[in-house]
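Q: Take this structure first; my questions come after.
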Amino acid sequence: MLRIALIISIAALSTAAEAQSYRCVGKDGKKYYGQSVPPQCLGMPVEELNSQGMVTKRFDAAASAAEREKKAAEEEERKKREIVTKEEGRRTRALLATYTSEKEIENARARALQENQVAVKDVEGKIVLLKKRQADLTKELDFFQGKNKPPAKLEQDIKNAEIDLKAQEGLLATKKKEVDSINSRYDDDKKRYVELTKGAPKK
C-alpha cells in the first residue's frame with residue numbers, strides 16, 4: 001500500500017513539473033510560452049505559470065541585470081580595497097625594515113636633500129657653460145653681419161646651444177621642485193613610523 005502511494009506521489013510531482021511553464025512578451029510584442037524559458041524571453045520579464053495557467057512567480061530581467069552589475073561593482077571595489085590594504089602592508093614592512101628610529105629617517109632626508117643639491121649645482125654649472133658658449137657663438141655671428149652669409153655649421157651650433165640651454169633650465173626647475181617632494185616623502189615616513197611605534201621607546 002505504501003509503495004502504491006509513493007508511486008502515485010512521484011507521478012503527481014512529475015505531472016506538476018510538466019505542467020509548469022513560462023511566459024513572456026518578446027521584444028516583438030508577441031507572447032511566448034514554453035516548459036523552459038523560451039529563447040525569445042531572454043532579457044525580458046518572465047512569468048512562471050502553474051498547471052492552471054496562474055502566475056506563481058515573476059522574474060524581472062532588468063532588475064536581475066542591475067543586481068548583477070551592483071554585485072560586480074561591489075566585488076571590484078572589494079578587490080581595490082584589498083590591493084590598497086596589501087600595498088599599505090608592504091609599505092609598513094618596508095618602512096620598519098629600513099628605519100629603526102626617527103633619527104635614521106632624518107639622516108636619510110638629509111642625504112636625499114644633499115644629493116639633490118649636488119645635482120642642482122651640476123646643472124647650474126652646465127647652464128653657465130652653455131650661456132658662455134652662446135655668447136661666443138653670438139660674437140662669431142656678429143662678425144658676419146653685413147658681410148658674407150654665416151656658415152651653416154655656426155647657425156646649427158647656435159640652435160643646438162639654445163636647445164641644450166632650455167633643456168638644462170627645465171631640468172634645473174625640476175630638481176628644485178624635488179626638494180618639496182623629498183621633504184613631503186620623509187615627513188610621511190616619519191609620521192607613519194611614529195604611528196607604528198607609538199609607545200615604543202625611541203632609540
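Just remember, in the C-alpha cells the first chain shown is A, the second B, etc., residues are 1-based per chain, and ligands are 1-based in the order shown.
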Just the residues within 7 Å of segment 124-135 of chain A, please, counting only C-alpha atoms, with nothing from its chain fewer than 2 positions along; format it as JSON, numbers by chain.
A: {"A": [120, 121, 122, 137, 138, 139, 158, 161, 165, 168]}
Q: Restrict the selected residues to C-alpha atoms and save them as a PDB file, in the first residue's frame.
A:
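Result went into again17.pdb, see below:
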ATOM      1  CA  VAL A 120      71.299  71.321  -8.782  1.00  0.00           C
ATOM      2  CA  LYS A 121      74.850  72.656  -8.649  1.00  0.00           C
ATOM      3  CA  ASP A 122      75.865  70.379 -11.510  1.00  0.00           C
ATOM      4  CA  LEU A 137      78.734  81.945 -30.885  1.00  0.00           C
ATOM      5  CA  THR A 138      76.925  85.283 -30.947  1.00  0.00           C
ATOM      6  CA  LYS A 139      80.252  87.090 -31.324  1.00  0.00           C
ATOM      7  CA  ILE A 158      73.640  78.388 -32.195  1.00  0.00           C
ATOM      8  CA  ALA A 161      73.162  75.663 -27.818  1.00  0.00           C
ATOM      9  CA  LEU A 165      70.161  75.575 -22.586  1.00  0.00           C
ATOM     10  CA  GLN A 168      69.086  72.267 -18.700  1.00  0.00           C
TER      11      GLN A 168
END
Q: Can you pull out the residues contacting segment 31-36 of chain A? Cut-off 7 Å, using only C-alpha atoms, and skip same-chain residues under 6 positions away; I want them as a compact mmCIF listing (two decimals) with C-alpha atoms, in the first residue's frame.
A:
# COMPACT_ATOMS: atom_id res chain seq x y z
CA GLN A 20 4.74 24.20 -15.09
CA SER A 21 5.50 26.63 -17.89
CA TYR A 22 6.92 30.06 -18.61
CA ARG A 23 5.51 33.05 -20.44
CA CYS A 24 6.81 36.40 -21.60
CA VAL A 25 6.19 39.16 -24.07
Q: For a test of reading the model, state the distance in Å between atom CA of Ala97 of chain A and atom CA of Asp187 of chain A, rounded to one decimal.
A: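 Taking atom CA of Ala97 of chain A as the start and atom CA of Asp187 of chain A as the end point, the length is 17.4 Å.
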